[in-house]
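J.: Structure: work20.csv, CSV, C-alpha atoms and all ligand atoms.
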```
chain,number,residue,atom,x,y,z
A,1,MET,CA,-29.5,-21.2,0.6
A,2,SER,CA,-27.0,-18.9,1.9
A,3,GLU,CA,-25.1,-16.9,-0.7
A,4,VAL,CA,-21.4,-17.4,-0.1
A,5,LEU,CA,-18.8,-16.0,-2.4
A,6,ALA,CA,-16.0,-18.5,-2.4
A,7,GLU,CA,-13.3,-16.5,-4.0
A,8,ASN,CA,-11.1,-14.0,-2.1
A,9,PRO,CA,-12.2,-10.6,-3.5
A,10,VAL,CA,-8.6,-9.5,-4.0
A,11,LEU,CA,-7.3,-12.5,-5.9
A,12,SER,CA,-8.3,-11.3,-9.3
A,13,TYR,CA,-6.1,-8.3,-8.8
A,14,LEU,CA,-3.1,-10.5,-8.2
A,15,ARG,CA,-1.0,-12.9,-10.3
A,16,GLN,CA,-2.2,-15.9,-8.5
A,17,ASP,CA,0.3,-18.2,-10.1
A,18,ARG,CA,3.0,-16.2,-8.2
A,19,LEU,CA,1.5,-16.9,-4.8
A,20,PRO,CA,2.6,-17.5,-2.1
A,21,HIS,CA,4.7,-14.4,-2.3
A,22,ILE,CA,8.3,-14.0,-1.1
A,23,TRP,CA,7.6,-11.7,1.8
A,24,CYS,CA,8.5,-12.9,5.2
A,25,PRO,CA,5.8,-14.0,7.7
A,26,GLY,CA,4.3,-10.8,9.3
A,27,CYS,CA,5.9,-8.5,6.7
A,28,GLY,CA,3.5,-5.5,6.3
A,29,ILE,CA,4.0,-5.1,2.6
A,30,GLY,CA,1.4,-7.8,1.8
A,31,THR,CA,-1.2,-6.0,3.8
A,32,THR,CA,-0.6,-2.7,1.9
A,33,VAL,CA,-1.1,-4.7,-1.3
A,34,ASN,CA,-4.3,-6.1,0.1
A,35,CYS,CA,-5.5,-2.6,0.7
A,36,PHE,CA,-4.4,-1.5,-2.7
A,37,ALA,CA,-6.3,-4.4,-4.4
A,38,ARG,CA,-9.5,-3.3,-2.5
A,39,ALA,CA,-8.9,0.3,-3.6
A,40,LEU,CA,-8.5,-0.8,-7.2
A,41,LYS,CA,-11.7,-2.8,-6.9
A,42,GLU,CA,-13.7,0.2,-5.6
A,43,SER,CA,-12.1,2.7,-7.9
A,44,GLY,CA,-14.2,1.9,-10.9
A,45,LEU,CA,-11.2,2.3,-13.1
A,46,ASP,CA,-10.6,0.2,-16.2
A,47,MET,CA,-7.8,-2.2,-15.1
A,48,ASN,CA,-6.4,-2.1,-18.7
A,49,LYS,CA,-5.6,1.5,-18.0
A,50,VAL,CA,-3.9,1.1,-14.6
A,51,VAL,CA,-0.1,0.6,-14.5
A,52,VAL,CA,2.0,-0.2,-11.5
A,53,VAL,CA,5.7,0.7,-11.4
A,54,SER,CA,8.1,-0.4,-8.7
A,55,GLY,CA,11.8,0.1,-8.0
A,56,ILE,CA,14.1,-2.3,-6.2
A,57,GLY,CA,13.7,-3.8,-2.8
A,58,CYS,CA,11.2,-5.9,-1.0
A,59,THR,CA,8.4,-3.4,-1.8
A,60,GLY,CA,9.8,-3.4,-5.4
A,61,ARG,CA,8.4,-6.9,-5.8
A,62,VAL,CA,4.9,-5.5,-5.7
A,63,ALA,CA,4.9,-4.8,-9.5
A,64,GLY,CA,5.4,-8.5,-10.0
A,65,TYR,CA,2.4,-9.6,-8.0
A,66,MET,CA,-0.2,-7.2,-9.4
A,67,ASN,CA,-2.4,-8.6,-12.2
A,68,LEU,CA,-1.9,-5.3,-14.2
A,69,ASP,CA,0.5,-4.0,-16.6
A,70,SER,CA,3.5,-3.5,-14.4
A,71,PHE,CA,7.1,-2.6,-14.5
A,72,HIS,CA,9.9,-3.5,-12.2
A,73,THR,CA,12.5,-0.8,-12.9
A,74,THR,CA,16.0,-0.2,-11.7
A,75,HIS,CA,16.8,1.1,-8.2
A,76,GLY,CA,15.3,4.4,-7.4
A,77,ARG,CA,13.9,5.0,-10.9
A,78,PRO,CA,10.2,4.1,-10.7
A,79,ILE,CA,9.3,7.8,-10.7
A,80,PRO,CA,11.1,8.8,-13.9
A,81,PHE,CA,9.9,5.6,-15.6
A,82,ALA,CA,6.3,6.5,-14.5
A,83,THR,CA,6.7,10.0,-15.7
A,84,GLY,CA,7.7,8.8,-19.1
A,85,LEU,CA,4.7,6.4,-19.1
A,86,LYS,CA,2.3,9.0,-18.1
A,87,LEU,CA,3.5,11.6,-20.6
A,88,ALA,CA,3.6,9.0,-23.5
A,89,ASN,CA,0.1,7.7,-22.6
A,90,PRO,CA,-1.7,10.4,-20.7
A,91,GLU,CA,-4.9,8.3,-20.4
A,92,LEU,CA,-3.1,5.8,-18.1
A,93,LYS,CA,-3.5,5.9,-14.3
A,94,VAL,CA,0.1,5.4,-13.2
A,95,VAL,CA,0.9,4.2,-9.7
A,96,VAL,CA,4.4,4.0,-8.3
A,97,TYR,CA,4.7,1.5,-5.6
A,98,SER,CA,8.0,1.3,-3.8
A,99,GLY,CA,9.9,1.4,-0.6
A,100,ASP,CA,11.2,4.3,1.5
A,101,GLY,CA,14.8,3.6,0.6
A,102,ASP,CA,14.2,3.3,-3.1
A,103,LEU,CA,12.0,6.4,-3.3
A,104,SER,CA,13.7,8.7,-0.8
A,105,ALA,CA,17.4,7.8,-1.0
A,106,ILE,CA,18.3,6.4,-4.4
A,107,GLY,CA,15.3,8.0,-6.1
A,108,GLY,CA,15.1,11.0,-3.8
A,109,ASN,CA,15.9,13.5,-6.5
A,110,HIS,CA,13.2,12.2,-8.8
A,111,PHE,CA,10.7,12.3,-5.9
A,112,VAL,CA,11.2,15.9,-5.1
A,113,HIS,CA,11.0,17.0,-8.8
A,114,ALA,CA,8.0,14.9,-9.7
A,115,ALA,CA,6.2,16.5,-6.7
A,116,ARG,CA,7.4,20.0,-7.6
A,117,ARG,CA,6.2,19.5,-11.2
A,118,ASN,CA,2.9,18.0,-10.0
A,119,MET,CA,3.4,15.0,-12.3
A,120,ASP,CA,0.0,13.2,-12.5
A,121,ILE,CA,1.1,9.9,-10.7
A,122,MET,CA,0.2,8.3,-7.4
A,123,VAL,CA,3.1,7.3,-5.2
A,124,VAL,CA,2.6,4.6,-2.6
A,125,CYS,CA,5.6,4.5,-0.3
A,126,VAL,CA,5.9,1.5,2.1
A,127,THR,CA,8.0,2.8,4.9
A,128,ASN,CA,9.7,0.2,7.1
A,129,PHE,CA,12.7,2.2,8.1
A,130,THR,CA,15.2,-0.1,6.5
A,131,TYR,CA,16.6,-1.8,3.4
A,132,GLY,CA,15.0,-5.3,3.8
A,133,MET,CA,16.2,-7.0,0.7
A,134,THR,CA,19.9,-6.2,1.1
A,135,GLY,CA,20.2,-7.0,4.8
A,136,GLY,CA,18.9,-4.1,7.0
A,137,GLN,CA,21.1,-1.1,6.2
A,138,VAL,CA,20.2,2.3,7.6
A,139,ALA,CA,17.7,4.2,5.4
A,140,PRO,CA,16.9,7.9,5.1
A,141,THR,CA,13.8,7.2,7.2
A,142,THR,CA,15.5,5.2,10.0
A,143,PRO,CA,14.6,6.9,13.3
A,144,ILE,CA,17.4,8.2,15.5
A,145,GLY,CA,18.4,5.5,18.0
A,146,ALA,CA,17.3,2.5,15.9
A,147,THR,CA,20.0,-0.1,15.3
A,148,GLN,CA,20.8,-1.3,11.8
A,149,THR,CA,23.5,-3.4,10.3
A,150,THR,CA,25.3,-0.2,9.1
A,151,MET,CA,24.6,1.6,12.4
A,152,PRO,CA,25.3,-1.1,15.0
A,153,TYR,CA,25.5,1.4,17.8
A,154,GLY,CA,22.2,3.1,16.8
A,155,ASN,CA,21.4,5.6,14.1
A,156,PHE,CA,22.4,9.2,14.7
A,157,GLU,CA,21.4,10.7,11.3
A,158,ASN,CA,18.4,12.9,11.1
A,159,PRO,CA,15.6,11.0,9.2
A,160,PHE,CA,13.3,12.4,6.5
A,161,ASN,CA,9.7,13.2,7.4
A,162,LEU,CA,8.4,12.1,4.1
A,163,PRO,CA,4.9,13.7,4.3
A,164,PHE,CA,6.6,17.0,5.1
A,165,LEU,CA,9.0,16.6,2.1
A,166,ALA,CA,6.1,15.8,-0.3
A,167,ASP,CA,4.0,18.7,1.0
A,168,ALA,CA,6.9,21.2,0.7
A,169,CYS,CA,7.6,20.1,-2.8
A,170,GLY,CA,4.0,20.6,-3.8
A,171,ALA,CA,2.2,17.2,-3.8
A,172,VAL,CA,-1.6,17.7,-4.1
A,173,TYR,CA,-2.5,14.8,-1.8
A,174,VAL,CA,-0.4,13.7,1.1
A,175,ALA,CA,-1.5,11.0,3.6
A,176,ARG,CA,0.1,8.7,6.1
A,177,TRP,CA,-1.4,5.5,7.5
A,178,THR,CA,0.0,2.4,9.1
A,179,VAL,CA,-0.7,-1.3,8.3
A,180,PHE,CA,-2.9,-1.2,11.4
A,181,HIS,CA,-5.2,1.3,9.7
A,182,VAL,CA,-6.2,-1.0,6.9
A,183,ARG,CA,-9.6,0.6,6.2
A,184,GLN,CA,-8.2,4.1,6.2
A,185,LEU,CA,-5.2,3.1,4.0
A,186,ALA,CA,-7.5,1.4,1.5
A,187,ARG,CA,-9.7,4.6,1.4
A,188,ALA,CA,-6.7,6.8,1.0
A,189,MET,CA,-5.5,4.7,-2.0
A,190,LYS,CA,-9.0,4.9,-3.5
A,191,GLU,CA,-9.0,8.7,-3.1
A,192,GLY,CA,-5.5,8.8,-4.5
A,193,LEU,CA,-6.5,6.8,-7.6
A,194,ALA,CA,-9.3,9.4,-8.2
A,195,LYS,CA,-7.0,12.4,-7.7
A,196,LYS,CA,-5.3,14.3,-10.5
A,197,GLY,CA,-1.7,15.3,-9.7
A,198,PHE,CA,1.1,14.1,-7.5
A,199,VAL,CA,-0.3,11.9,-4.8
A,200,PHE,CA,1.8,10.7,-2.0
A,201,ILE,CA,0.6,8.0,0.4
A,202,GLU,CA,3.0,6.7,3.1
A,203,ALA,CA,2.2,3.4,4.6
A,204,LEU,CA,4.2,2.4,7.7
A,205,ALA,CA,4.8,-1.3,7.7
A,206,PRO,CA,6.7,-3.7,9.8
A,207,CYS,CA,9.8,-5.5,8.6
A,208,PRO,CA,10.0,-8.2,11.3
A,209,THR,CA,13.0,-10.0,9.8
A,210,LEU,CA,15.4,-7.1,9.9
A,211,TYR,CA,14.2,-3.9,11.5
A,212,SER,CA,12.2,-5.5,14.3
A,213,ARG,CA,14.6,-8.3,15.0
A,214,ARG,CA,17.7,-6.1,15.1
A,215,ASN,CA,15.9,-3.7,17.4
A,216,LYS,CA,14.3,-6.5,19.5
A,217,LEU,CA,10.8,-5.3,18.7
A,218,GLY,CA,9.2,-8.7,18.4
A,219,ASP,CA,7.1,-9.9,15.4
A,220,GLY,CA,5.1,-8.1,12.8
A,221,VAL,CA,2.0,-8.2,14.9
A,222,ASP,CA,3.9,-6.5,17.8
A,223,GLN,CA,4.6,-3.5,15.5
A,224,LEU,CA,0.9,-3.4,14.6
A,225,LYS,CA,0.1,-3.2,18.3
A,226,TYR,CA,2.6,-0.4,18.6
A,227,TYR,CA,0.9,1.4,15.7
A,228,LYS,CA,-2.4,0.9,17.3
A,229,GLU,CA,-1.3,2.3,20.7
A,230,LYS,CA,0.8,5.2,19.6
A,231,SER,CA,-1.0,6.5,16.5
A,232,ALA,CA,-3.1,9.7,16.6
A,233,ILE,CA,-5.3,10.5,13.7
A,234,LYS,CA,-5.0,14.1,12.8
A,235,ASN,CA,-6.4,14.9,9.4
A,236,GLY,CA,-5.2,18.2,8.1
A,237,ALA,CA,-2.3,18.2,10.5
A,238,ASP,CA,0.7,20.4,9.6
A,239,THR,CA,3.1,17.9,8.0
A,240,LYS,CA,6.0,19.7,9.8
A,241,GLU,CA,4.6,18.1,13.0
A,242,ALA,CA,4.5,14.6,11.5
A,243,ALA,CA,8.1,13.6,12.1
A,244,LEU,CA,8.7,10.1,13.5
A,245,SER,CA,10.9,8.9,16.4
A,246,PHE,CA,12.0,5.5,17.4
A,247,GLN,CA,8.9,3.7,18.7
A,248,GLY,CA,7.4,7.1,19.5
A,249,ASP,CA,4.1,8.7,18.7
A,250,ILE,CA,2.9,8.6,15.2
A,251,ILE,CA,0.7,11.1,13.5
A,252,VAL,CA,-1.5,9.6,10.8
A,253,GLY,CA,-4.2,11.0,8.6
A,254,LYS,CA,-4.8,12.9,5.4
A,255,PHE,CA,-2.6,15.9,5.7
A,256,VAL,CA,-3.0,17.6,2.3
A,257,ASP,CA,-5.7,17.6,-0.4
A,258,ARG,CA,-5.5,20.6,-2.7
A,259,GLU,CA,-5.6,21.5,-6.4
A,260,ARG,CA,-2.7,22.6,-8.6
A,261,PRO,CA,-2.4,22.3,-12.4
A,262,THR,CA,-0.5,19.1,-13.3
A,263,TRP,CA,2.6,19.4,-15.4
A,264,LEU,CA,0.8,18.5,-18.5
A,265,ASP,CA,-2.1,20.9,-17.9
A,266,ALA,CA,0.4,23.7,-17.1
A,267,MET,CA,2.4,23.0,-20.3
A,268,ASN,CA,-0.8,22.9,-22.5
A,269,ARG,CA,-2.1,26.1,-21.0
A,270,HIS,CA,1.3,27.9,-21.3
A,271,TYR,CA,1.8,27.0,-25.0
A,272,SER,CA,-1.8,27.7,-25.8
A,273,ASN,CA,-1.3,31.2,-24.6
A,274,VAL,CA,2.1,31.6,-26.3
A,275,PHE,CA,1.2,30.1,-29.7
A,276,GLN,CA,-2.6,30.7,-29.6
A,277,GLY,CA,-4.4,28.6,-32.3
A,278,LYS,CA,-1.2,27.1,-33.7
A,279,TYR,CA,-0.7,24.9,-30.6
A,280,ARG,CA,-2.5,21.5,-30.4
A,281,PRO,CA,-2.8,20.6,-26.7
A,282,TYR,CA,-1.0,17.4,-26.0
A,283,GLY,CA,-2.6,14.4,-24.4
A,284,GLN,CA,-6.2,15.1,-25.2
A,285,PRO,CA,-8.4,12.7,-27.2
A,286,TYR,CA,-8.2,13.1,-31.0
A,287,GLY,CA,-10.9,15.1,-32.5
A,288,VAL,CA,-11.8,16.8,-29.2
A,289,SER,CA,-8.9,19.1,-28.7
A,290,ASN,CA,-8.0,22.1,-30.8
A,291,ALA,CA,-11.0,21.4,-33.2
A,292,LYS,CA,-11.0,24.9,-34.7
A,293,ASP,CA,-7.7,25.0,-36.5
B,1,MET,CA,-4.9,-25.7,-1.8
B,2,SER,CA,-8.7,-25.8,-1.6
B,3,ASP,CA,-10.6,-23.4,0.6
B,4,SER,CA,-12.0,-24.8,3.8
B,5,GLU,CA,-15.8,-25.1,4.1
B,6,PRO,CA,-17.3,-22.0,5.7
B,7,ALA,CA,-18.9,-22.3,9.0
B,8,LYS,CA,-22.5,-21.2,8.8
B,9,LYS,CA,-23.7,-20.8,12.3
B,10,GLY,CA,-23.5,-17.1,12.6
B,11,LYS,CA,-24.0,-14.0,10.4
B,12,GLY,CA,-20.6,-14.4,8.9
B,13,ALA,CA,-18.2,-17.0,7.7
B,14,VAL,CA,-14.5,-17.2,6.8
B,15,PHE,CA,-12.6,-19.0,4.2
B,16,VAL,CA,-9.0,-20.0,4.9
B,17,GLN,CA,-6.5,-21.1,2.4
B,18,ALA,CA,-4.3,-22.8,4.9
B,19,GLU,CA,-1.5,-23.7,2.5
B,20,ILE,CA,-0.5,-20.0,1.8
B,21,CYS,CA,-0.9,-18.8,5.4
B,22,LYS,CA,2.4,-17.8,7.1
B,23,GLY,CA,1.0,-17.8,10.6
B,24,CYS,CA,1.6,-14.1,11.3
B,25,SER,CA,-1.5,-13.8,13.6
B,26,TYR,CA,-2.7,-10.5,12.2
B,27,CYS,CA,-6.2,-11.9,11.5
B,28,ILE,CA,-6.4,-13.5,15.0
B,29,GLU,CA,-5.2,-10.4,16.8
B,30,PHE,CA,-7.4,-7.9,15.1
B,31,CYS,CA,-10.6,-9.8,14.6
B,32,PRO,CA,-13.1,-7.4,16.3
B,33,THR,CA,-15.2,-10.3,17.6
B,34,HIS,CA,-12.2,-12.5,18.6
B,35,SER,CA,-13.6,-15.4,16.6
B,36,LEU,CA,-10.4,-16.9,15.3
B,37,GLU,CA,-7.6,-18.9,16.9
B,38,PHE,CA,-4.7,-20.9,15.6
B,39,SER,CA,-5.1,-24.4,14.4
B,40,GLN,CA,-3.5,-27.3,16.2
B,41,GLU,CA,-2.3,-28.7,12.9
B,42,PHE,CA,0.5,-27.3,10.8
B,43,ASN,CA,0.3,-26.6,7.1
B,44,SER,CA,2.9,-28.1,4.8
B,45,LYS,CA,5.3,-25.2,5.4
B,46,GLY,CA,5.1,-25.7,9.2
B,47,TYR,CA,2.8,-22.8,10.1
B,48,HIS,CA,-0.3,-22.8,12.3
B,49,TYR,CA,-3.2,-21.2,10.4
B,50,PRO,CA,-6.4,-19.6,11.7
B,51,VAL,CA,-9.6,-21.5,12.3
B,52,LEU,CA,-13.0,-20.1,13.1
B,53,ALA,CA,-13.2,-21.0,16.8
B,54,LYS,CA,-16.4,-19.1,17.4
B,55,PRO,CA,-18.5,-19.3,14.3
B,56,GLU,CA,-21.6,-17.9,16.1
B,57,ALA,CA,-19.6,-14.7,16.9
B,58,CYS,CA,-18.2,-14.0,13.4
B,59,SER,CA,-19.9,-11.0,11.8
B,60,GLY,CA,-18.4,-11.6,8.3
B,61,CYS,CA,-16.9,-8.1,8.4
B,62,ASP,CA,-13.8,-9.3,6.4
B,63,LEU,CA,-11.4,-7.3,8.6
B,64,CYS,CA,-9.3,-10.5,8.8
B,65,GLY,CA,-9.3,-10.5,5.0
B,66,LEU,CA,-8.1,-6.9,4.9
B,67,TYR,CA,-5.3,-7.5,7.4
B,68,CYS,CA,-3.9,-10.7,5.9
B,69,PRO,CA,-0.5,-10.0,4.2
B,70,ASP,CA,-0.7,-13.3,2.4
B,71,PHE,CA,-4.3,-13.2,1.0
B,72,ALA,CA,-5.0,-16.5,2.9
B,73,ILE,CA,-8.2,-15.6,4.6
B,74,PHE,CA,-11.4,-13.6,3.9
B,75,GLY,CA,-14.7,-13.2,5.6
B,76,VAL,CA,-18.2,-13.0,4.1
B,77,ARG,CA,-21.5,-12.0,5.4
B,78,ILE,CA,-24.2,-14.6,5.1
B,79,LYS,CA,-27.2,-12.7,3.7
B,80,GLU,CA,-29.9,-15.3,4.2
B,81,PRO,CA,-30.4,-17.4,7.3
B,82,VAL,CA,-29.4,-21.0,6.5
B,83,LYS,CA,-32.6,-23.0,5.9
B,84,LYS,CA,-32.9,-26.7,6.7
B,85,PRO,CA,-33.8,-28.6,3.5
A,301,LIG,S1,13.1,-8.5,4.8
A,301,LIG,FE1,11.6,-7.2,5.9
A,301,LIG,S2,10.6,-5.9,4.3
A,301,LIG,FE2,11.7,-7.6,3.3
A,301,LIG,S3,10.1,-9.2,3.0
A,301,LIG,FE3,11.2,-9.6,5.0
A,301,LIG,S4,10.0,-8.5,6.5
A,301,LIG,FE4,9.4,-7.7,4.6
A,302,LIG,S1,-15.0,-11.8,9.2
A,302,LIG,FE1,-14.7,-10.3,10.8
A,302,LIG,S2,-15.7,-11.2,12.6
A,302,LIG,FE2,-15.4,-12.9,11.1
A,302,LIG,S3,-13.4,-13.8,11.6
A,302,LIG,FE3,-13.0,-12.2,10.1
A,302,LIG,S4,-12.5,-10.3,11.3
A,302,LIG,FE4,-13.5,-11.8,12.7
A,303,LIG,S1,-3.3,-12.9,8.6
A,303,LIG,FE1,-3.1,-14.3,6.9
A,303,LIG,S2,-1.0,-15.1,7.0
A,303,LIG,FE2,-1.5,-14.1,9.0
A,303,LIG,S3,-2.2,-15.8,10.3
A,303,LIG,FE3,-4.0,-14.9,9.4
A,303,LIG,S4,-4.4,-16.1,7.5
A,303,LIG,FE4,-2.3,-16.6,8.2
```
Could you quickly redo this structure as structure tokens?

T.:
Amino acid sequence: MSEVLAENPVLSYLRQDRLPHIWCPGCGIGTTVNCFARALKESGLDMNKVVVVSGIGCTGRVAGYMNLDSFHTTHGRPIPFATGLKLANPELKVVVYSGDGDLSAIGGNHFVHAARRNMDIMVVCVTNFTYGMTGGQVAPTTPIGATQTTMPYGNFENPFNLPFLADACGAVYVARWTVFHVRQLARAMKEGLAKKGFVFIEALAPCPTLYSRRNKLGDGVDQLKYYKEKSAIKNGADTKEAALSFQGDIIVGKFVDRERPTWLDAMNRHYSNVFQGKYRPYGQPYGVSNAKD
Amino acid sequence: MSDSEPAKKGKGAVFVQAEICKGCSYCIEFCPTHSLEFSQEFNSKGYHYPVLAKPEACSGCDLCGLYCPDFAIFGVRIKEPVKKP
């Protein structure tokens, strides 16, 4: 007999009663979730200790579909919520999963400071260059020249290069892949889950309903063909060079992988030095830390 | 919403949950062995879904499963050759 596994390997990571999901046909968000489920499967982590936090927007719906403890927070606030979760329960693996608008516009301030402080969270940013849920407004990532409902004659604002921003603020792991690069994206997410510190993974994904349609770029699959044609893999590339332009070349890869003390480690080390034996390091298992007092 | 029977001629097989497919064609476009094509039939939402048109070519690599934004398809490798009873 042939051995055939009849259940989709990702289904146990999803709330199956919520499927089919609300995302449009050809929306890239679902593919990133597929990659994330596979990364979770291979991570070896205890799923009772993994938490997903999302903000508002189409990508903000991810929290509602993961079969994990998950939180759907207010607009732009998944990072501060995740920071609180992590600091209250340092044994948790906290993943922020949200869109480019939520993370870099409404939540932009939280983003830069969590990276600066090296908060031990993994941030997955699905970048589709627009606000899908609210009707296709211009986002801080919208490339110059792309048309949006609030930029009917084409965008003239300089967009963020998010890997560069994360790198400059001090993230310890920075990668960008597209929804065409499914294996690499799943591997980056697995590496991110194993990494300590502020991890930033940008996943370029099509929004066929608003971004592509308004810019006459075809269906979701046409955007994947564009990613395939115009992406160059440059691991270790200078993030400064990774800026995106409208339907232009895309630099993908793992750009940054370095070590820095996390906020919690830095605090514990600092107060241990200042207060010597009187300080009980926070967030370490009972009975292990500070045993000599 | 039951999975279709896997085709067992080649080294791989795919399962398609036709009812949750949205017909985006990611799986068909990026199957490395070009084994899939759209069904003639519609599902109840009105989408064509993938069918394994070349079962002998499918390697069971599950790339279709990884690309699918709707978790509607996955591939498996068949470990043992299928024996006739
Ligand atoms: S509006 Fe865009 S981002 Fe939102 S679900 Fe539809 S395709 Fe995806
Ligand atoms: S398992 Fe691989 S070869 Fe088979 S249909 Fe899917 S992508 Fe194609
Ligand atoms: S990738 Fe999934 S949703 Fe898209 S056509 Fe294939 S099975 Fe259907």

J.: Would you mind listing the residues within 12 Å of ligand LIG 301 (chain A), counting only C-alpha atoms and all ligand atoms, as a PyMOL selection string?

T.: (chain A and resi 21-32+56-62+98-101+126-137+204-214+218-221+223) or (chain B and resi 24+69-70)

J.: I need the chosen residues saved as a compact mmCIF listing (two decimals), in the frame of the given file, with C-alpha atoms.

T.:
```
# COMPACT_ATOMS: atom_id res chain seq x y z
CA HIS A 21 4.70 -14.40 -2.30
CA ILE A 22 8.30 -14.00 -1.10
CA TRP A 23 7.60 -11.70 1.80
CA CYS A 24 8.50 -12.90 5.20
CA PRO A 25 5.80 -14.00 7.70
CA GLY A 26 4.30 -10.80 9.30
CA CYS A 27 5.90 -8.50 6.70
CA GLY A 28 3.50 -5.50 6.30
CA ILE A 29 4.00 -5.10 2.60
CA GLY A 30 1.40 -7.80 1.80
CA THR A 31 -1.20 -6.00 3.80
CA THR A 32 -0.60 -2.70 1.90
CA ILE A 56 14.10 -2.30 -6.20
CA GLY A 57 13.70 -3.80 -2.80
CA CYS A 58 11.20 -5.90 -1.00
CA THR A 59 8.40 -3.40 -1.80
CA GLY A 60 9.80 -3.40 -5.40
CA ARG A 61 8.40 -6.90 -5.80
CA VAL A 62 4.90 -5.50 -5.70
CA SER A 98 8.00 1.30 -3.80
CA GLY A 99 9.90 1.40 -0.60
CA ASP A 100 11.20 4.30 1.50
CA GLY A 101 14.80 3.60 0.60
CA VAL A 126 5.90 1.50 2.10
CA THR A 127 8.00 2.80 4.90
CA ASN A 128 9.70 0.20 7.10
CA PHE A 129 12.70 2.20 8.10
CA THR A 130 15.20 -0.10 6.50
CA TYR A 131 16.60 -1.80 3.40
CA GLY A 132 15.00 -5.30 3.80
CA MET A 133 16.20 -7.00 0.70
CA THR A 134 19.90 -6.20 1.10
CA GLY A 135 20.20 -7.00 4.80
CA GLY A 136 18.90 -4.10 7.00
CA GLN A 137 21.10 -1.10 6.20
CA LEU A 204 4.20 2.40 7.70
CA ALA A 205 4.80 -1.30 7.70
CA PRO A 206 6.70 -3.70 9.80
CA CYS A 207 9.80 -5.50 8.60
CA PRO A 208 10.00 -8.20 11.30
CA THR A 209 13.00 -10.00 9.80
CA LEU A 210 15.40 -7.10 9.90
CA TYR A 211 14.20 -3.90 11.50
CA SER A 212 12.20 -5.50 14.30
CA ARG A 213 14.60 -8.30 15.00
CA ARG A 214 17.70 -6.10 15.10
CA GLY A 218 9.20 -8.70 18.40
CA ASP A 219 7.10 -9.90 15.40
CA GLY A 220 5.10 -8.10 12.80
CA VAL A 221 2.00 -8.20 14.90
CA GLN A 223 4.60 -3.50 15.50
CA CYS B 24 1.60 -14.10 11.30
CA PRO B 69 -0.50 -10.00 4.20
CA ASP B 70 -0.70 -13.30 2.40
```

J.: How many Å lie between CA of Asp102 in chain A and CA of Ala166 in chain A, rounded to one decimal?

T.: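 We find that CA of Asp102 in chain A and CA of Ala166 in chain A lie 15.2 Å from each other.
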
J.: Which of these residues is nearest to chain A, using all atoms listed in the file: B:Lys54, B:Arg77, B:Lys45, B:His34?

T.: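 Checking each of B:Lys54, B:Arg77, B:Lys45, B:His34 against chain A, counting all atoms listed in the file, the winner is B:Arg77.
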
J.: Can you check which residues of chain B have any atom within 6 Å of chain A? Use all atoms listed in the file and format it as a list of chain:residue names.

T.: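 Interface list for chain B against chain A: B:Ile20, B:Lys22, B:Cys24, B:Tyr26, B:Tyr67, B:Cys68, B:Pro69, B:Asp70, B:Glu80, B:Val82.
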
J.: Store the residues picked out above in a file with C-alpha atoms, as an mmCIF file, in the coordinates of the input.

T.:
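Below is the file that was written, selection-v6.cif:
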```
data_model
loop_
_atom_site.group_PDB
_atom_site.id
_atom_site.type_symbol
_atom_site.label_atom_id
_atom_site.label_comp_id
_atom_site.auth_asym_id
_atom_site.auth_seq_id
_atom_site.Cartn_x
_atom_site.Cartn_y
_atom_site.Cartn_z
ATOM 1 C CA ILE B 20 -0.500 -20.000 1.800
ATOM 2 C CA LYS B 22 2.400 -17.800 7.100
ATOM 3 C CA CYS B 24 1.600 -14.100 11.300
ATOM 4 C CA TYR B 26 -2.700 -10.500 12.200
ATOM 5 C CA TYR B 67 -5.300 -7.500 7.400
ATOM 6 C CA CYS B 68 -3.900 -10.700 5.900
ATOM 7 C CA PRO B 69 -0.500 -10.000 4.200
ATOM 8 C CA ASP B 70 -0.700 -13.300 2.400
ATOM 9 C CA GLU B 80 -29.900 -15.300 4.200
ATOM 10 C CA VAL B 82 -29.400 -21.000 6.500
#
```

J.: Using atom FE3 of ligand LIG 303 (chain A) and CA of Phe200 in chain A as the two end points, give the distance in Å to one decimal.

T.: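 Between these atoms lies a distance of 28.6 Å.
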
J.: Which is closest to ligand LIG 302 (chain A) among B:Val51, B:Ala72, B:Gln17, B:Asp62, if we use only C-alpha atoms and all ligand atoms?

T.: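 Of the candidates, the smallest distance to ligand LIG 302 (chain A) is held by B:Asp62.
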